[in-house]
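Below is one structure, written out as structure tokens; comments come after it.
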Amino acid sequence: MLDMKYLRKNVTEVTQKLQDRGVSPDNLIELLNLDQERRDTIQKVENLKADRNIESDKIAYAKRNQEDASQSILAMQRVSQEIKKLDARQLELNDQVQNLAAHLPNLAASEVPVGVDESANIEQRVWEPTDYQKRPHALLETPEWLKAHYEVGEALGILDFERGAKVSGARFLYYVGDGARLERAVYNFMLDEHRKEGYTEMITPIVVNDAAMFGTGQYPKFQDDAYRVSGLAQTYIPTAEVPLTNYYSGETLPADDLPIKFTALSPSFRKEAGAAGKDTRGLIRLHQFNKVEMVKFTKPDQSYAELESMTANAESILQKLGLPYHVIMLSTGDMGFSAAKTYDIEVWMPQQSLYREISSVSNTEAFQARRMHITYRDEDNKLQLVHTLNGSGLAVGRTVAAILENYQNEDGSITIPEILRSYMGGQEKLVATPHY
RNA sequence: GGAGCUAUGGCACAAUCCGGUACUGCAACGGACUCGAAAUCCGUCGAGCCGCUUUUGGCGGUGUGCGGGUUCGAAUCCCGCUAGCUCCUCCA
């Protein structure tokens, strides 16, 4: 949610910035007109209410003194009728203003490149392990034997998409045997790393109410992408960002505690509406996947430094796993609804010779905090909105996919990244194992 | 899932039956006393939200868990909801 006062005072600037994000200026004009009418109505009705309060006191006083107040009561009956009408009108206007405002995306930070889509994104840096070129598949050209992660996963018997589809539906899967073990090793490793960086580990509800979905900005605009619990005003979370960020909704945080950092592993549920036919195979685009999420609550003047360090926290996971990646800054057209600035981290997938998103780290500034009312008291004891940040650290399934390709050997086995071996009882390789 | 009870400032509580300025204490803040502190005394104290404004402030509105209704006027009466507690039932 944007600051209405700021919108009123900076119409030209906001019009431009909304346009950068693909929002027509008409939306803002309509919003401001309704807002003006709303404030006019408030003034009218508040004057009437002030009169009525005074008159009501007089009636109470007269009644105590056994005096007749029927003239006043008659007059106030008319005033109350008028107030009722104006109140109803104001409520209507409130709803309309709220509804319009709730559909406006966050304004991009000034350094964010303006563009309509991902083509305007800017690469920030590229990283690869020093020994990467020594790996069997890291040749200039992709070797023919290199299999896509889902092919090698099925060949090894550790990913079962067919039975996932049979029991659940398309875009669901079973991890089997060493596959399940690898997934578990990956997220345990990630959680341990984040905990070392000072993130408090959480296990959150994975079903949340509508207020929570509104608070982080998924609702009202993106209801079609969410798995709603049938018949209830609850939703299976599309990301742990929702329960983690809403943890403090409606609360005032002690300034000395900031920044506060949370991390959690959770399943994430997405309908992937509009993605029909895209990435239909493998671990890349599922209706349910595991993700380790990071969330921060900060003071406004520290949020951009914290964005950098959160990005570094996500990168460090890939570095320790020895997976090549690059970091890009998303353009205004490619960013999520709530974000003011977003870095995507994309991991190298050698079989397709492309980078694939594995993490998205955003500063939403006060956009979410305003929706869910998370504040702290500044030096002058005044309430200020905190800034909230969120980032994947990382998408677990996609990390497994990246391991299956980047650590694949010519014989079809997978070398387990060294850092994960202690999480897998010292196991060094994934080889085909029979199962039933 | 069933029954009963409860919800009032940062905390504890009163007013609810029978509608009329939301009581008091603690905490907090300011001051006196003191070298300083404690104790004591005096004073201030409804957070948040909204609107107007001559904007370190002032005025008004709202605000007794949430949403409606009745009324000139609702903490109080009526309806709906949510959360917590107790008991029953069920359960990993």
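Chain labels follow the order of the structure tokens: the first chain is A, the next B, and so on; residue numbering restarts at 1 in every chain, and ligands are counted from 1 in their shown order.
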
Checklist entry - Using only C-alpha atoms (C1' of nucleotides), which chain A residues lie at most 6 Å away from chain B, written as JSON, numbers by chain? => result {"A": [46, 56, 60, 73, 76, 77]}

Next on the checklist: DSSP on the backbone: which residues in range 257-341 of chain A end up as alpha helix (DSSP H)? Give the answer as a list in words.
Outcome noted: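 In range 257-341 of chain A, DSSP puts these residues in alpha helix (DSSP H): Ser303, Tyr304, Ala305, Glu306, Leu307, Glu308, Ser309, Met310, Thr311, Ala312, Asn313, Ala314, Glu315, Ser316, Ile317, Leu318, Gln319, Lys320 and Leu321 of chain A.
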
Once you have the residues from the selection above, write them out as a compact mmCIF listing (two decimals), in the first residue's frame, restricted to all heavy atoms.
```
# COMPACT_ATOMS: atom_id res chain seq x y z
N SER A 303 17.47 -0.35 5.48
CA SER A 303 16.87 -1.46 4.72
C SER A 303 17.65 -1.79 3.45
O SER A 303 17.72 -2.95 3.06
CB SER A 303 15.41 -1.15 4.39
OG SER A 303 15.28 -0.08 3.50
N TYR A 304 18.27 -0.79 2.82
CA TYR A 304 18.98 -1.10 1.58
C TYR A 304 20.31 -1.80 1.85
O TYR A 304 20.73 -2.67 1.08
CB TYR A 304 19.14 0.14 0.70
CG TYR A 304 17.85 0.33 -0.09
CD1 TYR A 304 16.87 1.21 0.34
CD2 TYR A 304 17.60 -0.44 -1.22
CE1 TYR A 304 15.66 1.33 -0.35
CE2 TYR A 304 16.41 -0.33 -1.92
CZ TYR A 304 15.45 0.56 -1.48
OH TYR A 304 14.27 0.64 -2.15
N ALA A 305 20.95 -1.49 2.96
CA ALA A 305 22.14 -2.23 3.36
C ALA A 305 21.75 -3.67 3.68
O ALA A 305 22.46 -4.63 3.34
CB ALA A 305 22.81 -1.57 4.56
N GLU A 306 20.60 -3.83 4.33
CA GLU A 306 20.14 -5.17 4.69
C GLU A 306 19.73 -5.97 3.45
O GLU A 306 19.82 -7.19 3.44
CB GLU A 306 18.98 -5.10 5.69
CG GLU A 306 19.36 -4.54 7.06
CD GLU A 306 20.32 -5.45 7.83
OE1 GLU A 306 20.36 -6.66 7.55
OE2 GLU A 306 21.03 -4.94 8.72
N LEU A 307 19.27 -5.26 2.42
CA LEU A 307 18.96 -5.94 1.15
C LEU A 307 20.23 -6.56 0.57
O LEU A 307 20.23 -7.70 0.11
CB LEU A 307 18.34 -4.97 0.16
CG LEU A 307 18.05 -5.51 -1.24
CD1 LEU A 307 16.93 -6.55 -1.19
CD2 LEU A 307 17.67 -4.40 -2.22
N GLU A 308 21.31 -5.79 0.62
CA GLU A 308 22.58 -6.30 0.10
C GLU A 308 23.04 -7.51 0.91
O GLU A 308 23.48 -8.52 0.34
CB GLU A 308 23.67 -5.22 0.14
CG GLU A 308 23.38 -4.00 -0.74
CD GLU A 308 23.20 -4.35 -2.22
OE1 GLU A 308 23.94 -5.22 -2.72
OE2 GLU A 308 22.30 -3.75 -2.86
N SER A 309 22.95 -7.43 2.22
CA SER A 309 23.46 -8.55 3.03
C SER A 309 22.56 -9.77 2.89
O SER A 309 23.04 -10.90 2.92
CB SER A 309 23.64 -8.13 4.49
OG SER A 309 22.40 -7.97 5.12
N MET A 310 21.25 -9.56 2.73
CA MET A 310 20.38 -10.71 2.52
C MET A 310 20.70 -11.40 1.19
O MET A 310 20.74 -12.63 1.08
CB MET A 310 18.91 -10.29 2.55
CG MET A 310 17.94 -11.47 2.44
SD MET A 310 16.20 -10.97 2.40
CE MET A 310 15.81 -10.91 4.13
N THR A 311 20.98 -10.59 0.17
CA THR A 311 21.38 -11.15 -1.12
C THR A 311 22.68 -11.95 -0.96
O THR A 311 22.81 -13.05 -1.48
CB THR A 311 21.57 -10.02 -2.15
OG1 THR A 311 20.39 -9.22 -2.17
CG2 THR A 311 21.81 -10.60 -3.54
N ALA A 312 23.60 -11.37 -0.19
CA ALA A 312 24.88 -12.06 0.06
C ALA A 312 24.63 -13.38 0.79
O ALA A 312 25.32 -14.38 0.52
CB ALA A 312 25.81 -11.16 0.86
N ASN A 313 23.68 -13.40 1.72
CA ASN A 313 23.37 -14.63 2.45
C ASN A 313 22.88 -15.72 1.48
O ASN A 313 23.26 -16.88 1.61
CB ASN A 313 22.28 -14.39 3.51
CG ASN A 313 22.73 -13.46 4.62
OD1 ASN A 313 21.95 -12.71 5.16
ND2 ASN A 313 24.02 -13.51 4.95
N ALA A 314 22.05 -15.32 0.53
CA ALA A 314 21.55 -16.29 -0.45
C ALA A 314 22.69 -16.75 -1.37
O ALA A 314 22.83 -17.93 -1.66
CB ALA A 314 20.42 -15.67 -1.27
N GLU A 315 23.52 -15.81 -1.79
CA GLU A 315 24.65 -16.16 -2.67
C GLU A 315 25.59 -17.12 -1.99
O GLU A 315 26.14 -18.03 -2.62
CB GLU A 315 25.42 -14.89 -3.06
CG GLU A 315 24.70 -14.03 -4.08
CD GLU A 315 25.51 -12.77 -4.39
OE1 GLU A 315 26.63 -12.91 -4.94
OE2 GLU A 315 25.03 -11.65 -4.08
N SER A 316 25.81 -16.89 -0.69
CA SER A 316 26.77 -17.72 0.04
C SER A 316 26.36 -19.19 0.03
O SER A 316 27.20 -20.08 0.03
CB SER A 316 26.93 -17.15 1.45
OG SER A 316 26.87 -18.17 2.39
N ILE A 317 25.05 -19.45 0.02
CA ILE A 317 24.58 -20.84 -0.06
C ILE A 317 25.06 -21.47 -1.37
O ILE A 317 25.60 -22.58 -1.39
CB ILE A 317 23.03 -20.89 -0.02
CG1 ILE A 317 22.50 -20.30 1.30
CG2 ILE A 317 22.53 -22.32 -0.24
CD1 ILE A 317 22.78 -21.13 2.51
N LEU A 318 24.88 -20.74 -2.47
CA LEU A 318 25.29 -21.27 -3.78
C LEU A 318 26.80 -21.42 -3.84
O LEU A 318 27.32 -22.39 -4.41
CB LEU A 318 24.79 -20.35 -4.89
CG LEU A 318 23.29 -20.40 -5.13
CD1 LEU A 318 22.85 -19.31 -6.09
CD2 LEU A 318 22.88 -21.77 -5.66
N GLN A 319 27.52 -20.48 -3.26
CA GLN A 319 28.98 -20.58 -3.27
C GLN A 319 29.44 -21.81 -2.52
O GLN A 319 30.31 -22.55 -2.98
CB GLN A 319 29.59 -19.31 -2.67
CG GLN A 319 29.38 -18.09 -3.57
CD GLN A 319 29.88 -16.79 -2.95
OE1 GLN A 319 30.52 -16.81 -1.90
NE2 GLN A 319 29.57 -15.68 -3.59
N LYS A 320 28.86 -22.03 -1.35
CA LYS A 320 29.28 -23.19 -0.56
C LYS A 320 28.88 -24.50 -1.23
O LYS A 320 29.53 -25.53 -1.02
CB LYS A 320 28.72 -23.09 0.85
CG LYS A 320 29.42 -22.00 1.64
CD LYS A 320 28.96 -21.87 3.06
CE LYS A 320 29.80 -20.79 3.76
NZ LYS A 320 29.31 -20.44 5.09
N LEU A 321 27.81 -24.45 -2.01
CA LEU A 321 27.41 -25.64 -2.76
C LEU A 321 28.20 -25.77 -4.06
O LEU A 321 28.09 -26.78 -4.76
CB LEU A 321 25.91 -25.59 -3.08
CG LEU A 321 24.95 -25.80 -1.91
CD1 LEU A 321 23.52 -25.50 -2.33
CD2 LEU A 321 25.06 -27.23 -1.37
```

Next on the checklist: Calculated over only C-alpha atoms, which of the candidates A:Ala102, A:Leu159, A:Leu286, A:Val396 has the smallest distance to Ser266 in chain A?
Outcome noted: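 Closest residue, counting only C-alpha atoms: A:Val396.
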
Next on the checklist: as a count of residues only, please: the residues near C66 in chain B (cut-off 12 Å, only C-alpha atoms (C1' of nucleotides), same-chain neighbours under 3 positions excluded).
Outcome noted: 5

Next on the checklist: When DSSP is applied to the backbone of this structure, which of range 7-182 of chain A are assigned strand (DSSP E)? Write them out as a ChimeraX atom specification.
Outcome noted: /A:122-127,159-160,174-175

Writer output for current selection, N, CA and C atoms, as a compact mmCIF listing (two decimals), in the first residue's frame:
```
# COMPACT_ATOMS: atom_id res chain seq x y z
N ILE A 122 19.25 -5.83 -15.28
CA ILE A 122 20.68 -5.55 -15.39
C ILE A 122 21.48 -6.57 -14.58
N GLU A 123 22.41 -7.24 -15.26
CA GLU A 123 23.26 -8.20 -14.56
C GLU A 123 24.21 -7.46 -13.64
N GLN A 124 24.31 -7.94 -12.39
CA GLN A 124 25.14 -7.28 -11.39
C GLN A 124 26.51 -7.93 -11.29
N ARG A 125 26.53 -9.25 -11.26
CA ARG A 125 27.80 -9.98 -11.13
C ARG A 125 27.57 -11.45 -11.46
N VAL A 126 28.69 -12.10 -11.80
CA VAL A 126 28.67 -13.51 -12.17
C VAL A 126 29.64 -14.23 -11.25
N TRP A 127 29.26 -15.41 -10.82
CA TRP A 127 30.15 -16.19 -9.95
C TRP A 127 30.23 -17.62 -10.41
N LEU A 159 13.49 -39.34 -8.28
CA LEU A 159 12.38 -38.42 -8.51
C LEU A 159 11.29 -39.20 -9.23
N ASP A 160 10.06 -39.12 -8.73
CA ASP A 160 8.97 -39.87 -9.35
C ASP A 160 7.83 -38.92 -9.70
N TYR A 174 6.94 -37.13 -6.14
CA TYR A 174 7.56 -37.79 -4.99
C TYR A 174 9.06 -37.69 -5.14
N TYR A 175 9.74 -37.39 -4.03
CA TYR A 175 11.18 -37.65 -3.93
C TYR A 175 11.29 -39.03 -3.29
```

Checklist entry - Contacts of Met190 in chain A at 8 Å or less, counting only C-alpha atoms (C1' of nucleotides), minus same-chain residues fewer than 4 places along, as an MDAnalysis selection string? => result chainID A and resid 186 194 292 317 393:394
